[in-house]
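Have a look at model38.txt; it's compact mmCIF, C-alpha atoms:
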# COMPACT_ATOMS: atom_id res chain seq x y z
CA MET A 568 18.42 -31.16 -7.83
CA GLN A 569 19.66 -29.26 -4.78
CA VAL A 570 16.86 -28.39 -2.39
CA SER A 571 17.50 -26.04 0.56
CA VAL A 572 15.00 -26.52 3.33
CA TRP A 573 14.63 -24.41 6.47
CA ARG A 574 15.34 -26.36 9.64
CA GLY A 575 14.76 -25.09 13.15
CA ALA A 576 12.39 -22.42 14.37
CA GLU A 577 13.00 -18.64 14.34
CA GLN A 578 16.66 -19.52 14.80
CA GLY A 579 17.83 -22.16 12.39
CA ALA A 580 19.48 -22.71 9.05
CA PHE A 581 18.88 -24.06 5.58
CA GLN A 582 19.81 -27.69 5.07
CA THR A 583 20.51 -28.93 1.56
CA PHE A 584 19.18 -32.21 0.22
CA GLU A 585 19.83 -33.92 -3.09
CA VAL A 586 16.47 -34.89 -4.58
CA PRO A 587 15.81 -36.76 -7.87
CA ARG A 588 14.02 -34.62 -10.40
CA HIS A 589 11.12 -36.09 -12.35
CA ALA A 590 9.14 -34.98 -15.36
CA SER A 591 5.96 -34.18 -13.46
CA GLN A 592 6.71 -33.15 -9.90
CA THR A 593 5.38 -30.62 -7.42
CA VAL A 594 7.20 -28.90 -4.57
CA LEU A 595 5.05 -30.93 -2.17
CA ASP A 596 6.30 -34.12 -3.86
CA VAL A 597 9.85 -32.91 -3.15
CA VAL A 598 9.19 -32.12 0.52
CA THR A 599 7.42 -35.47 0.98
CA TYR A 600 10.31 -37.30 -0.66
CA ILE A 601 12.77 -35.63 1.72
CA GLN A 602 10.74 -36.50 4.80
CA ARG A 603 10.06 -40.10 3.75
CA LYS A 604 13.39 -41.07 2.23
CA LEU A 605 16.05 -38.72 3.52
CA ASP A 606 15.16 -37.16 6.87
CA PRO A 607 12.11 -38.30 8.85
CA THR A 608 12.57 -35.48 11.37
CA LEU A 609 11.45 -32.83 8.82
CA ALA A 610 8.19 -31.21 9.98
CA TYR A 611 5.70 -29.96 7.38
CA ARG A 612 1.95 -29.75 6.79
CA TYR A 613 -0.28 -31.00 4.00
CA ALA A 614 -3.68 -32.62 3.71
CA CYS A 615 -5.60 -32.83 0.45
CA ARG A 616 -2.55 -32.42 -1.89
CA VAL A 617 -4.94 -31.37 -4.70
CA GLY A 618 -5.30 -27.61 -4.19
CA MET A 619 -8.41 -27.49 -2.01
CA CYS A 620 -7.36 -27.18 1.62
CA GLY A 621 -4.48 -24.67 1.61
CA SER A 622 -2.53 -26.55 4.32
CA CYS A 623 0.64 -26.96 2.25
CA ALA A 624 1.39 -23.25 1.82
CA MET A 625 5.12 -22.49 2.14
CA THR A 626 7.65 -19.97 0.87
CA VAL A 627 9.19 -21.29 -2.34
CA ASN A 628 12.18 -19.29 -3.64
CA GLY A 629 11.00 -16.33 -1.60
CA VAL A 630 7.39 -16.44 -2.79
CA PRO A 631 4.42 -17.87 -0.81
CA ARG A 632 2.68 -20.65 -2.70
CA TRP A 633 0.60 -23.83 -2.38
CA THR A 634 3.32 -26.42 -2.74
CA CYS A 635 0.92 -29.08 -4.03
CA ARG A 636 0.02 -26.84 -6.98
CA THR A 637 3.51 -25.59 -7.77
CA HIS A 638 5.28 -27.59 -10.45
CA ILE A 639 9.04 -27.88 -10.06
CA ASP A 640 9.47 -26.80 -13.67
CA LYS A 641 7.94 -23.46 -12.80
CA VAL A 642 10.27 -22.65 -9.89
CA ALA A 643 13.48 -24.68 -9.94
CA VAL A 644 16.06 -22.38 -11.48
CA ASN A 645 19.26 -24.23 -12.44
CA ASP A 646 18.02 -27.29 -10.55
CA LYS A 647 18.02 -25.32 -7.29
CA LEU A 648 15.11 -24.79 -4.94
CA GLU A 649 14.70 -23.02 -1.60
CA ILE A 650 11.80 -23.95 0.68
CA ALA A 651 11.00 -22.03 3.85
CA PRO A 652 8.00 -21.65 6.16
CA LEU A 653 5.39 -18.95 5.43
CA ARG A 654 6.58 -15.43 6.23
CA ASN A 655 4.92 -13.23 8.89
CA LEU A 656 3.98 -16.15 11.13
CA PRO A 657 5.89 -17.62 14.08
CA VAL A 658 7.70 -20.82 13.15
CA ILE A 659 6.88 -23.88 15.26
CA ARG A 660 9.42 -26.12 13.57
CA ASP A 661 10.97 -26.38 10.10
CA LEU A 662 8.17 -25.67 7.61
CA VAL A 663 5.34 -25.51 10.10
CA THR A 664 4.03 -22.11 11.25
CA ASP A 665 1.76 -21.10 14.10
CA MET A 666 -1.43 -19.91 12.42
CA ARG A 667 -3.17 -18.73 15.59
CA GLU A 668 -2.53 -15.01 15.03
CA PHE A 669 -3.83 -15.30 11.47
CA PHE A 670 -7.16 -16.63 12.75
CA ASP A 671 -7.23 -14.37 15.81
CA LYS A 672 -7.13 -11.40 13.44
CA TRP A 673 -9.98 -12.96 11.48
CA ALA A 674 -12.01 -12.86 14.70
CA ARG A 675 -10.87 -9.31 15.51
CA ALA A 676 -12.11 -8.21 12.10
CA ARG A 677 -15.52 -9.65 13.08
CA GLY A 678 -15.18 -12.25 10.37
CA GLU A 679 -18.19 -14.27 11.51
CA PHE A 680 -21.75 -14.15 10.23
CA HIS A 681 -24.65 -12.89 12.35
CA GLY A 682 -28.16 -13.12 10.96
CA LYS A 683 -31.50 -12.19 12.49
CA THR A 684 -33.80 -14.97 11.26
CA THR A 685 -34.38 -18.40 12.75
CA ARG A 686 -35.08 -21.81 11.25
CA GLN A 687 -38.80 -21.12 11.63
CA GLU A 688 -38.70 -18.37 9.04
CA ASP A 689 -38.46 -18.55 5.28
CA PHE A 690 -35.12 -18.40 3.43
CA ALA A 691 -33.71 -15.02 2.59
CA ARG A 692 -34.14 -14.30 -1.09
CA ILE A 693 -30.99 -12.87 -2.60
CA SER A 694 -30.38 -12.82 -6.30
CA PRO A 695 -26.90 -13.98 -7.35
CA GLU A 696 -27.05 -11.17 -9.90
CA SER A 697 -27.53 -8.43 -7.31
CA GLU A 698 -24.58 -6.05 -6.96
CA ASN A 699 -24.08 -6.90 -3.31
CA ARG A 700 -24.09 -10.64 -3.88
CA LYS A 701 -21.61 -10.33 -6.75
CA GLN A 702 -19.25 -8.54 -4.39
CA VAL A 703 -19.66 -11.32 -1.83
CA ASP A 704 -19.19 -14.06 -4.41
CA ALA A 705 -15.98 -12.45 -5.62
CA GLY A 706 -14.38 -12.99 -2.22
CA ILE A 707 -16.24 -15.86 -0.59
CA GLU A 708 -14.00 -18.69 -1.80
CA CYS A 709 -11.19 -17.90 0.65
CA ILE A 710 -10.01 -21.02 2.48
CA GLY A 711 -7.71 -19.26 4.94
CA CYS A 712 -4.44 -20.64 3.57
CA GLY A 713 -2.36 -17.68 4.71
CA VAL A 714 -0.57 -17.03 1.41
CA CYS A 715 -1.87 -13.45 1.15
CA TYR A 716 -0.98 -12.76 4.79
CA SER A 717 2.53 -14.01 4.06
CA ALA A 718 2.87 -11.93 0.94
CA CYS A 719 1.78 -8.69 2.60
CA ASP A 720 4.46 -6.09 3.38
CA VAL A 721 2.20 -4.16 5.73
CA VAL A 722 1.75 -7.29 7.86
CA SER A 723 5.56 -7.42 8.11
CA TRP A 724 5.83 -3.75 8.99
CA ASN A 725 2.81 -3.46 11.31
CA PRO A 726 2.22 -6.36 13.70
CA ASP A 727 -1.29 -5.14 14.52
CA TYR A 728 -2.45 -5.02 10.90
CA LEU A 729 -5.43 -7.37 10.48
CA GLY A 730 -4.22 -8.46 7.05
CA PRO A 731 -5.77 -9.18 3.66
CA ALA A 732 -7.62 -12.43 4.47
CA ALA A 733 -9.41 -11.14 7.56
CA LEU A 734 -10.36 -7.91 5.79
CA ASN A 735 -11.51 -9.76 2.68
CA ARG A 736 -13.80 -11.91 4.85
CA ALA A 737 -15.10 -8.82 6.67
CA TRP A 738 -16.01 -7.30 3.30
CA THR A 739 -17.96 -10.38 2.19
CA LEU A 740 -19.99 -10.08 5.39
CA VAL A 741 -20.51 -6.32 5.05
CA LYS A 742 -21.98 -6.97 1.61
CA ASP A 743 -24.10 -9.88 2.84
CA GLU A 744 -27.61 -8.47 3.16
CA ARG A 745 -28.59 -11.09 5.76
CA ASP A 746 -25.87 -10.02 8.19
CA VAL A 747 -26.91 -7.53 10.86
CA ARG A 748 -23.63 -6.49 12.48
CA THR A 749 -22.34 -4.22 9.73
CA ILE A 750 -21.66 -1.13 11.85
CA GLU A 751 -19.81 -3.13 14.51
CA ARG A 752 -17.75 -4.78 11.80
CA LEU A 753 -16.88 -1.50 10.06
CA ARG A 754 -15.71 -0.11 13.41
CA ALA A 755 -13.57 -3.20 13.93
CA VAL A 756 -11.80 -2.87 10.59
CA ALA A 757 -11.26 0.91 10.54
CA GLY A 758 -8.07 2.67 11.54
CA ASP A 759 -4.33 2.10 11.72
CA ALA A 760 -4.61 -1.66 12.25
CA GLY A 761 -7.44 -2.05 9.79
CA CYS A 762 -8.22 -1.46 6.15
CA HIS A 763 -6.71 2.05 6.20
CA ALA A 764 -3.23 0.58 6.59
CA CYS A 765 -3.40 -1.09 3.17
CA HIS A 766 -1.07 0.63 0.70
CA THR A 767 -2.28 -1.22 -2.40
CA HIS A 768 0.96 -3.10 -3.04
CA MET A 769 -1.43 -5.79 -4.29
CA SER A 770 0.90 -8.65 -3.35
CA CYS A 771 -2.12 -10.39 -1.85
CA THR A 772 -4.09 -10.19 -5.09
CA GLU A 773 -1.04 -11.24 -7.08
CA ARG A 774 -0.36 -14.32 -4.92
CA CYS A 775 -3.86 -15.55 -4.01
CA PRO A 776 -4.11 -19.13 -5.33
CA LYS A 777 -7.87 -18.72 -5.67
CA HIS A 778 -7.48 -15.49 -7.66
CA LEU A 779 -9.37 -13.41 -5.13
CA SER A 780 -8.63 -9.73 -4.73
CA PRO A 781 -8.30 -8.69 -1.11
CA THR A 782 -7.15 -5.29 -2.43
CA ALA A 783 -10.58 -4.79 -4.00
CA ALA A 784 -12.31 -5.91 -0.80
CA ILE A 785 -10.19 -3.55 1.29
CA ALA A 786 -10.93 -0.68 -1.11
CA GLY A 787 -14.62 -1.49 -0.65
CA LEU A 788 -14.24 -1.34 3.13
CA LYS A 789 -12.49 2.03 2.87
CA ARG A 790 -15.39 3.42 0.84
CA GLU A 791 -18.07 1.99 3.15
CA ILE A 792 -16.30 3.36 6.22
CA MET A 793 -15.92 6.78 4.63
CA LYS A 794 -19.63 6.87 3.75
CA ALA A 795 -20.66 5.74 7.22
CA THR A 796 -18.31 8.27 8.85
CA LEU A 797 -19.60 11.17 6.77
CA LYS A 798 -23.16 10.13 7.66
CA GLY A 799 -22.22 9.98 11.35
CA GLU A 800 -23.12 6.29 11.58
CA LEU A 801 -19.78 5.16 13.04
CA MET B 301 4.86 -4.21 -10.30
CA SER B 302 2.35 -2.55 -7.99
CA LYS B 303 4.70 -3.15 -5.12
CA TRP B 304 7.50 -1.15 -6.79
CA VAL B 305 5.25 1.72 -7.77
CA ALA B 306 4.05 1.83 -4.15
CA HIS B 307 7.63 1.86 -2.85
CA VAL B 308 8.60 4.64 -5.28
CA HIS B 309 5.48 6.50 -4.19
CA ARG B 310 6.57 6.29 -0.57
CA VAL B 311 10.23 7.21 -1.12
CA SER B 312 9.29 10.11 -3.40
CA GLY B 313 6.87 11.31 -0.72
CA ILE B 314 9.64 11.30 1.87
CA ALA B 315 11.94 13.17 -0.54
CA LEU B 316 9.27 15.80 -1.15
CA ALA B 317 8.58 16.17 2.59
CA VAL B 318 12.28 16.85 3.14
CA PHE B 319 12.53 19.19 0.11
CA LEU B 320 9.48 21.35 0.80
CA PRO B 321 10.69 23.18 3.90
CA LEU B 322 13.84 24.11 1.94
CA HIS B 323 11.75 25.18 -1.04
CA PHE B 324 9.49 27.37 1.12
CA TRP B 325 12.52 28.86 2.85
CA ALA B 326 14.21 29.82 -0.42
CA LEU B 327 11.04 31.37 -1.83
CA GLY B 328 10.37 33.18 1.43
CA ASN B 329 13.66 35.01 0.95
CA ALA B 330 12.21 36.64 -2.18
CA LEU B 331 14.52 39.64 -1.98
CA GLU B 332 17.58 37.43 -2.45
CA LEU B 333 15.93 35.24 -5.10
CA ASP B 334 18.35 36.10 -7.91
CA SER B 335 21.43 35.15 -5.92
CA PHE B 336 19.71 31.93 -4.93
CA LEU B 337 18.78 31.24 -8.56
CA ALA B 338 22.44 31.76 -9.51
CA TRP B 339 23.33 29.02 -7.04
CA THR B 340 20.83 26.71 -8.71
CA GLU B 341 22.72 26.90 -12.00
CA ARG B 342 25.36 24.52 -10.62
CA PRO B 343 25.18 21.09 -12.35
CA LEU B 344 24.70 19.11 -9.13
CA VAL B 345 21.83 21.37 -8.14
CA LYS B 346 20.28 20.99 -11.59
CA LEU B 347 20.52 17.21 -11.11
CA GLY B 348 18.80 17.60 -7.76
CA GLU B 349 16.06 19.69 -9.38
CA CYS B 350 15.52 16.98 -11.98
CA ALA B 351 15.33 14.41 -9.22
CA ILE B 352 12.77 16.44 -7.30
CA VAL B 353 10.61 17.00 -10.39
CA LEU B 354 10.79 13.26 -11.08
CA ALA B 355 9.86 12.63 -7.45
CA LEU B 356 6.87 14.95 -7.79
CA ALA B 357 5.71 13.28 -11.00
CA ALA B 358 6.23 9.82 -9.50
CA HIS B 359 4.34 10.74 -6.37
CA LEU B 360 1.48 12.23 -8.41
CA GLY B 361 1.34 9.18 -10.68
CA GLY B 362 1.43 6.79 -7.76
CA GLY B 363 -1.13 8.88 -5.90
CA LEU B 364 -3.59 8.92 -8.79
CA ARG B 365 -3.18 5.16 -8.96
CA VAL B 366 -4.10 4.83 -5.26
CA LEU B 367 -7.13 7.10 -5.69
CA ALA B 368 -8.29 5.06 -8.69
CA LEU B 369 -7.86 1.75 -6.85
CA GLU B 370 -9.68 2.99 -3.78
CA PHE B 371 -12.54 4.96 -5.31
CA LEU B 372 -13.36 3.57 -8.73
CA PRO B 373 -15.40 0.38 -9.18
CA TRP B 374 -13.12 -2.61 -9.38
CA LEU B 375 -12.23 -3.65 -12.92
CA ASP B 376 -9.38 -5.53 -14.51
CA TRP B 377 -7.71 -2.48 -15.99
CA GLN B 378 -6.92 -1.30 -12.50
CA LYS B 379 -4.12 -3.81 -12.46
CA SER B 380 -2.37 -1.90 -15.25
CA LEU B 381 -2.46 1.33 -13.28
CA ALA B 382 1.04 0.68 -12.00
CA ALA B 383 2.36 0.73 -15.54
CA VAL B 384 0.45 3.93 -16.32
CA ALA B 385 1.86 5.64 -13.21
CA ALA B 386 5.39 4.67 -14.18
CA ALA B 387 4.93 5.85 -17.76
CA PHE B 388 3.52 9.17 -16.61
CA THR B 389 6.50 9.75 -14.31
CA ILE B 390 9.00 9.16 -17.09
CA ALA B 391 7.06 11.42 -19.46
CA VAL B 392 7.10 14.34 -17.03
CA GLY B 393 10.76 13.77 -16.18
CA LEU B 394 11.65 13.90 -19.85
CA ALA B 395 9.58 17.03 -20.43
CA PHE B 396 11.38 18.78 -17.62
CA ALA B 397 14.81 17.61 -18.76
CA LEU B 398 14.12 18.82 -22.30
CA ALA B 399 12.91 22.19 -21.08
CA LEU B 400 16.10 22.83 -19.13
CA MET C 310 -6.03 7.83 19.00
CA SER C 311 -9.48 6.40 18.27
CA PHE C 312 -10.34 4.57 15.07
CA ARG C 313 -12.65 7.50 14.30
CA THR C 314 -9.78 9.99 14.36
CA GLN C 315 -7.64 7.62 12.31
CA THR C 316 -10.44 7.34 9.75
CA THR C 317 -10.76 11.14 9.65
CA LEU C 318 -7.01 11.38 8.97
CA TRP C 319 -7.38 8.93 6.10
CA ILE C 320 -10.27 10.95 4.62
CA ALA C 321 -8.28 14.19 4.99
CA GLN C 322 -5.31 12.52 3.30
CA ARG C 323 -7.36 11.45 0.27
CA ALA C 324 -9.22 14.78 0.05
CA SER C 325 -5.97 16.77 0.19
CA ALA C 326 -4.51 14.35 -2.38
CA ALA C 327 -7.31 15.18 -4.79
CA VAL C 328 -6.71 18.93 -4.30
CA LEU C 329 -2.96 18.42 -4.71
CA ALA C 330 -3.43 16.41 -7.90
CA LEU C 331 -4.89 19.54 -9.51
CA CYS C 332 -2.38 21.92 -7.90
CA VAL C 333 0.59 19.76 -8.86
CA VAL C 334 -0.47 19.45 -12.49
CA VAL C 335 -0.76 23.24 -12.70
CA HIS C 336 2.56 23.64 -10.86
CA LEU C 337 4.41 21.10 -13.07
CA VAL C 338 3.10 22.70 -16.26
CA THR C 339 4.11 26.12 -14.94
CA ILE C 340 7.61 24.93 -13.97
CA ILE C 341 8.23 23.21 -17.27
CA TYR C 342 7.00 26.27 -19.15
CA ALA C 343 8.89 28.72 -16.95
CA VAL C 344 12.34 27.07 -16.95
CA ARG C 345 12.66 27.17 -20.70
CA GLY C 346 15.57 29.42 -21.53
CA GLY C 347 16.55 29.85 -17.89
CA LEU C 348 14.83 31.30 -14.88
CA THR C 349 15.22 34.65 -13.13
CA ALA C 350 13.68 36.14 -10.05
CA ALA C 351 12.25 38.94 -12.15
CA GLU C 352 10.38 36.45 -14.32
CA ILE C 353 8.89 34.66 -11.32
CA LEU C 354 7.96 37.83 -9.49
CA GLU C 355 6.48 39.37 -12.62
CA ARG C 356 3.99 36.51 -12.60
CA THR C 357 3.21 36.54 -8.91
CA ARG C 358 3.55 40.12 -7.63
CA GLY C 359 0.13 41.58 -6.86
CA ASN C 360 -1.59 38.64 -8.56
CA VAL C 361 -4.54 37.59 -6.41
CA ALA C 362 -5.21 34.47 -8.48
CA TRP C 363 -1.70 33.10 -7.93
CA PHE C 364 -1.90 34.10 -4.27
CA ALA C 365 -5.15 32.16 -3.83
CA PHE C 366 -3.79 29.20 -5.78
CA TYR C 367 -0.56 28.92 -3.80
CA SER C 368 -2.34 29.47 -0.49
CA LEU C 369 -4.61 26.52 -1.29
CA PHE C 370 -1.52 24.54 -2.36
CA VAL C 371 0.23 25.27 0.96
CA LEU C 372 -2.87 24.34 2.95
CA ALA C 373 -3.28 21.04 1.12
CA VAL C 374 0.42 20.21 1.61
CA THR C 375 0.18 21.03 5.31
CA VAL C 376 -2.57 18.42 5.65
CA HIS C 377 -1.15 15.80 3.27
CA ALA C 378 2.57 15.56 4.08
CA PRO C 379 2.39 15.01 7.88
CA ILE C 380 -0.35 12.38 7.56
CA GLY C 381 1.76 10.58 4.98
CA LEU C 382 4.83 10.72 7.20
CA ARG C 383 2.78 9.41 10.13
CA THR C 384 2.46 6.01 8.48
CA VAL C 385 6.08 5.97 7.29
CA PHE C 386 7.34 6.74 10.81
CA ALA C 387 5.28 3.89 12.26
CA GLU C 388 6.09 1.29 9.62
CA TRP C 389 9.73 2.09 8.84
CA LEU C 390 11.04 3.74 12.02
CA GLY C 391 8.88 1.95 14.57
CA TRP C 392 7.82 5.35 15.90
CA SER C 393 4.15 5.60 16.85
CA GLY C 394 2.07 7.05 19.67
CA LYS C 395 1.65 10.56 21.04
CA SER C 396 5.27 11.75 20.57
CA ARG C 397 5.13 10.99 16.87
CA ASP C 398 1.75 12.70 16.47
CA TRP C 399 2.91 15.81 18.35
CA PHE C 400 6.08 15.99 16.25
CA LEU C 401 3.99 15.86 13.09
CA LEU C 402 1.60 18.53 14.36
CA ILE C 403 4.58 20.82 14.93
CA PHE C 404 5.95 19.89 11.48
CA ALA C 405 2.57 20.79 9.97
CA ALA C 406 2.58 24.16 11.73
CA ALA C 407 6.13 24.79 10.49
CA LEU C 408 5.14 23.93 6.91
CA ALA C 409 2.13 26.23 7.11
CA TRP C 410 4.18 29.12 8.45
CA MET C 411 7.07 28.72 6.02
CA GLY C 412 4.68 28.12 3.15
CA MET C 413 2.60 31.23 3.74
CA ARG C 414 5.79 33.25 4.28
CA ALA C 415 6.88 32.15 0.81
CA VAL C 416 3.48 32.85 -0.77
CA VAL C 417 3.30 36.31 0.80
CA GLY C 418 6.95 36.82 -0.09
CA VAL C 419 6.32 36.44 -3.83
CA PHE C 420 2.98 38.22 -3.75
CA ALA C 421 3.70 41.34 -1.77

Please render this file's structure as structure tokens.
Amino acid sequence: MQVSVWRGAEQGAFQTFEVPRHASQTVLDVVTYIQRKLDPTLAYRYACRVGMCGSCAMTVNGVPRWTCRTHIDKVAVNDKLEIAPLRNLPVIRDLVTDMREFFDKWARARGEFHGKTTRQEDFARISPESENRKQVDAGIECIGCGVCYSACDVVSWNPDYLGPAALNRAWTLVKDERDVRTIERLRAVAGDAGCHACHTHMSCTERCPKHLSPTAAIAGLKREIMKATLKGEL
Amino acid sequence: MSKWVAHVHRVSGIALAVFLPLHFWALGNALELDSFLAWTERPLVKLGECAIVLALAAHLGGGLRVLALEFLPWLDWQKSLAAVAAAFTIAVGLAFALAL
Amino acid sequence: MSFRTQTTLWIAQRASAAVLALCVVVHLVTIIYAVRGGLTAAEILERTRGNVAWFAFYSLFVLAVTVHAPIGLRTVFAEWLGWSGKSRDWFLLIFAAALAWMGMRAVVGVFA
């Protein structure tokens, strides 16, 4: 089949390779074949190749996906395939993007846990059935692959927008009863660059390979911020 | 599908924001309303009216969808809201067209 | 503009949206009912002249629109035109004032 692969950085072009098609083949198999057999200068990322690490995320036929979990049969239309780096991130080279801004926004959204107990004290007791914990569990499996960030139109339109992954993580911490920096976090994610910029296109929810719903998390943040604002807590 | 409903919601909002000053202006000239209404009988204007009513219905449908997504507890049916918004828009558009 | 003001704008947008949802449903039903068999000024004015209920309804409608439309455009200007900051916000404030004035002129026009 004919595979078009992005070469270069922000400036560049698609280069076409002829790749043998097999019965059971993933997009990552195709990229690996190209780099090992056809052009060793092709730059790309992968690690686990079994759908656990999220390193292999790329744009396949215009859609951000984990290439190790995308079967060729699902995406190769008329034996043609187009592979590009993830959208909304600076391109270092070929299929490799600079993920720094993605993680910087995670930090700006206060996406880190802060508790108040020490190792001397007893464990916190939180029932997995409690409403708050269910909300956390619904979003906690994020591995920071960047697919949602790539899929998001608002990230494209608004360079300051924190993005679905960072906001999803912020929500899991807001709902974590052990965390003590809720107010600070809500302040960090409110406003034009925060949760209020989400327009519920739901591309993030549609594309998340772990079937999380950042849209739901962001809606939760909007409600919490509204409540806190009306109570004068922010 | 949500993406398209959201885009229609935005474009219809822009259309309404452009239309409203004109609408207010026409109504504000109440004394000349009949001559203005005569102008609105022209087919192109009727088409425009249909478009604006569709825009209003689309914007309302899309807006209710946003309010549901943001304020109601998260459930699976919320993913079908896009379809409901679209269906509602078409229904209103048809009702208006039939009434003309 | 602080995140607090931005949050207040968001709340105002959603609150005005809820008000408009009701107003628009009433307005759509009225339009669809009224245009059957053609529309004349006399028909419209017969409904609205001296009618305090319609006056109150349309005044509320105008107020809600004056809040809702500029806040909506604010985001569109930033995301699609790259226009943000004080000049955009001042433009929208003036647009809001214009909508309020023209709107109330229309409401009074069909009431008085």

Completion exercise
chain A proximity check over C:Ala362, C:Ile353, C:Ala324, C:Ala421, using all atoms listed in the file: winner is C:Ala324

Practice task
For region 735-743 of chain A, work out the shell of residues within 7 Å, counting only C-alpha atoms and skipping chain neighbours fewer than 2 positions away, then give it as a PyMOL selection string.
Solution key: chain A and resi 676-678+680+699-700+702-703+706-707+731-733+745-746+749+781+784-785+788

Could you build a table of the residues in chain B lying no more than 12 Å from chain A, giving for each the nearest pair of atoms and their separation in Å rounded to one decimal place, using all atoms listed in the file, ordered by chain and ascending residue number, as JSON lines?
{"residue": "B:Met301", "atom": "CA", "partner": "A:His768", "partner_atom": "CA", "distance": 8.3}
{"residue": "B:Ser302", "atom": "CA", "partner": "A:His768", "partner_atom": "CA", "distance": 5.2}
{"residue": "B:Lys303", "atom": "CA", "partner": "A:His768", "partner_atom": "CA", "distance": 4.3}
{"residue": "B:Trp304", "atom": "CA", "partner": "A:His768", "partner_atom": "CA", "distance": 7.8}
{"residue": "B:Val305", "atom": "CA", "partner": "A:His768", "partner_atom": "CA", "distance": 8.0}
{"residue": "B:Ala306", "atom": "CA", "partner": "A:His768", "partner_atom": "CA", "distance": 5.9}
{"residue": "B:His307", "atom": "CA", "partner": "A:His768", "partner_atom": "CA", "distance": 8.3}
{"residue": "B:Val308", "atom": "CA", "partner": "A:His768", "partner_atom": "CA", "distance": 11.1}
{"residue": "B:His309", "atom": "CA", "partner": "A:His766", "partner_atom": "CA", "distance": 10.1}
{"residue": "B:Arg310", "atom": "CA", "partner": "A:His766", "partner_atom": "CA", "distance": 9.6}
{"residue": "B:Gly362", "atom": "CA", "partner": "A:Thr767", "partner_atom": "CA", "distance": 10.3}
{"residue": "B:Gly363", "atom": "CA", "partner": "A:His766", "partner_atom": "CA", "distance": 10.6}
{"residue": "B:Arg365", "atom": "CA", "partner": "A:Thr767", "partner_atom": "CA", "distance": 9.2}
{"residue": "B:Val366", "atom": "CA", "partner": "A:Thr767", "partner_atom": "CA", "distance": 6.9}
{"residue": "B:Leu367", "atom": "CA", "partner": "A:Ala786", "partner_atom": "CA", "distance": 9.8}
{"residue": "B:Ala368", "atom": "CA", "partner": "A:Ala786", "partner_atom": "CA", "distance": 9.9}
{"residue": "B:Leu369", "atom": "CA", "partner": "A:Ala786", "partner_atom": "CA", "distance": 6.9}
{"residue": "B:Glu370", "atom": "CA", "partner": "A:Ala786", "partner_atom": "CA", "distance": 4.7}
{"residue": "B:Phe371", "atom": "CA", "partner": "A:Arg790", "partner_atom": "CA", "distance": 7.0}
{"residue": "B:Leu372", "atom": "CA", "partner": "A:Ala786", "partner_atom": "CA", "distance": 9.1}
{"residue": "B:Pro373", "atom": "CA", "partner": "A:Ala783", "partner_atom": "CA", "distance": 8.8}
{"residue": "B:Trp374", "atom": "CA", "partner": "A:Ala783", "partner_atom": "CA", "distance": 6.3}
{"residue": "B:Leu375", "atom": "CA", "partner": "A:Ala783", "partner_atom": "CA", "distance": 9.1}
{"residue": "B:Asp376", "atom": "CA", "partner": "A:Ala783", "partner_atom": "CA", "distance": 10.6}
{"residue": "B:Gln378", "atom": "CA", "partner": "A:Ala783", "partner_atom": "CA", "distance": 9.9}
{"residue": "B:Lys379", "atom": "CA", "partner": "A:Met769", "partner_atom": "CA", "distance": 8.8}
{"residue": "B:Ser380", "atom": "CA", "partner": "A:Met769", "partner_atom": "CA", "distance": 11.7}
{"residue": "B:Leu381", "atom": "CA", "partner": "A:Thr767", "partner_atom": "CA", "distance": 11.2}
{"residue": "B:Ala382", "atom": "CA", "partner": "A:His768", "partner_atom": "CA", "distance": 9.7}

Write out as a Markdown table the residues of chain B that have any atom within 7 Å of an atom of chain C, one row each with the nearest atom pair and its distance in Å to one decimal, counting only C-alpha atoms, sorted by chain and then rising number.
| residue | atom | partner | partner_atom | distance |
| --- | --- | --- | --- | --- |
| B:Ala317 | CA | C:Ala378 | CA | 6.2 |
| B:Pro321 | CA | C:Leu408 | CA | 6.4 |
| B:Phe324 | CA | C:Gly412 | CA | 5.3 |
| B:Trp325 | CA | C:Met411 | CA | 6.3 |
| B:Leu327 | CA | C:Ala415 | CA | 5.0 |
| B:Gly328 | CA | C:Ala415 | CA | 3.7 |
| B:Ala330 | CA | C:Gly418 | CA | 5.7 |
| B:Leu333 | CA | C:Ala350 | CA | 5.5 |
| B:Asp334 | CA | C:Ala350 | CA | 5.1 |
| B:Leu337 | CA | C:Thr349 | CA | 6.7 |
| B:Leu360 | CA | C:Ala330 | CA | 6.5 |
| B:Phe396 | CA | C:Ile341 | CA | 5.4 |
| B:Ala399 | CA | C:Arg345 | CA | 5.0 |
| B:Leu400 | CA | C:Arg345 | CA | 5.8 |

Serialized selection, C-alpha atoms, as a PDB file, in the frame of the given file:
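Full text of result.pdb as output:
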ATOM      1  CA  ALA B 317       8.580  16.170   2.590  1.00  0.00           C
ATOM      2  CA  PRO B 321      10.690  23.180   3.900  1.00  0.00           C
ATOM      3  CA  PHE B 324       9.490  27.370   1.120  1.00  0.00           C
ATOM      4  CA  TRP B 325      12.520  28.860   2.850  1.00  0.00           C
ATOM      5  CA  LEU B 327      11.040  31.370  -1.830  1.00  0.00           C
ATOM      6  CA  GLY B 328      10.370  33.180   1.430  1.00  0.00           C
ATOM      7  CA  ALA B 330      12.210  36.640  -2.180  1.00  0.00           C
ATOM      8  CA  LEU B 333      15.930  35.240  -5.100  1.00  0.00           C
ATOM      9  CA  ASP B 334      18.350  36.100  -7.910  1.00  0.00           C
ATOM     10  CA  LEU B 337      18.780  31.240  -8.560  1.00  0.00           C
ATOM     11  CA  LEU B 360       1.480  12.230  -8.410  1.00  0.00           C
ATOM     12  CA  PHE B 396      11.380  18.780 -17.620  1.00  0.00           C
ATOM     13  CA  ALA B 399      12.910  22.190 -21.080  1.00  0.00           C
ATOM     14  CA  LEU B 400      16.100  22.830 -19.130  1.00  0.00           C
TER      15      LEU B 400
END
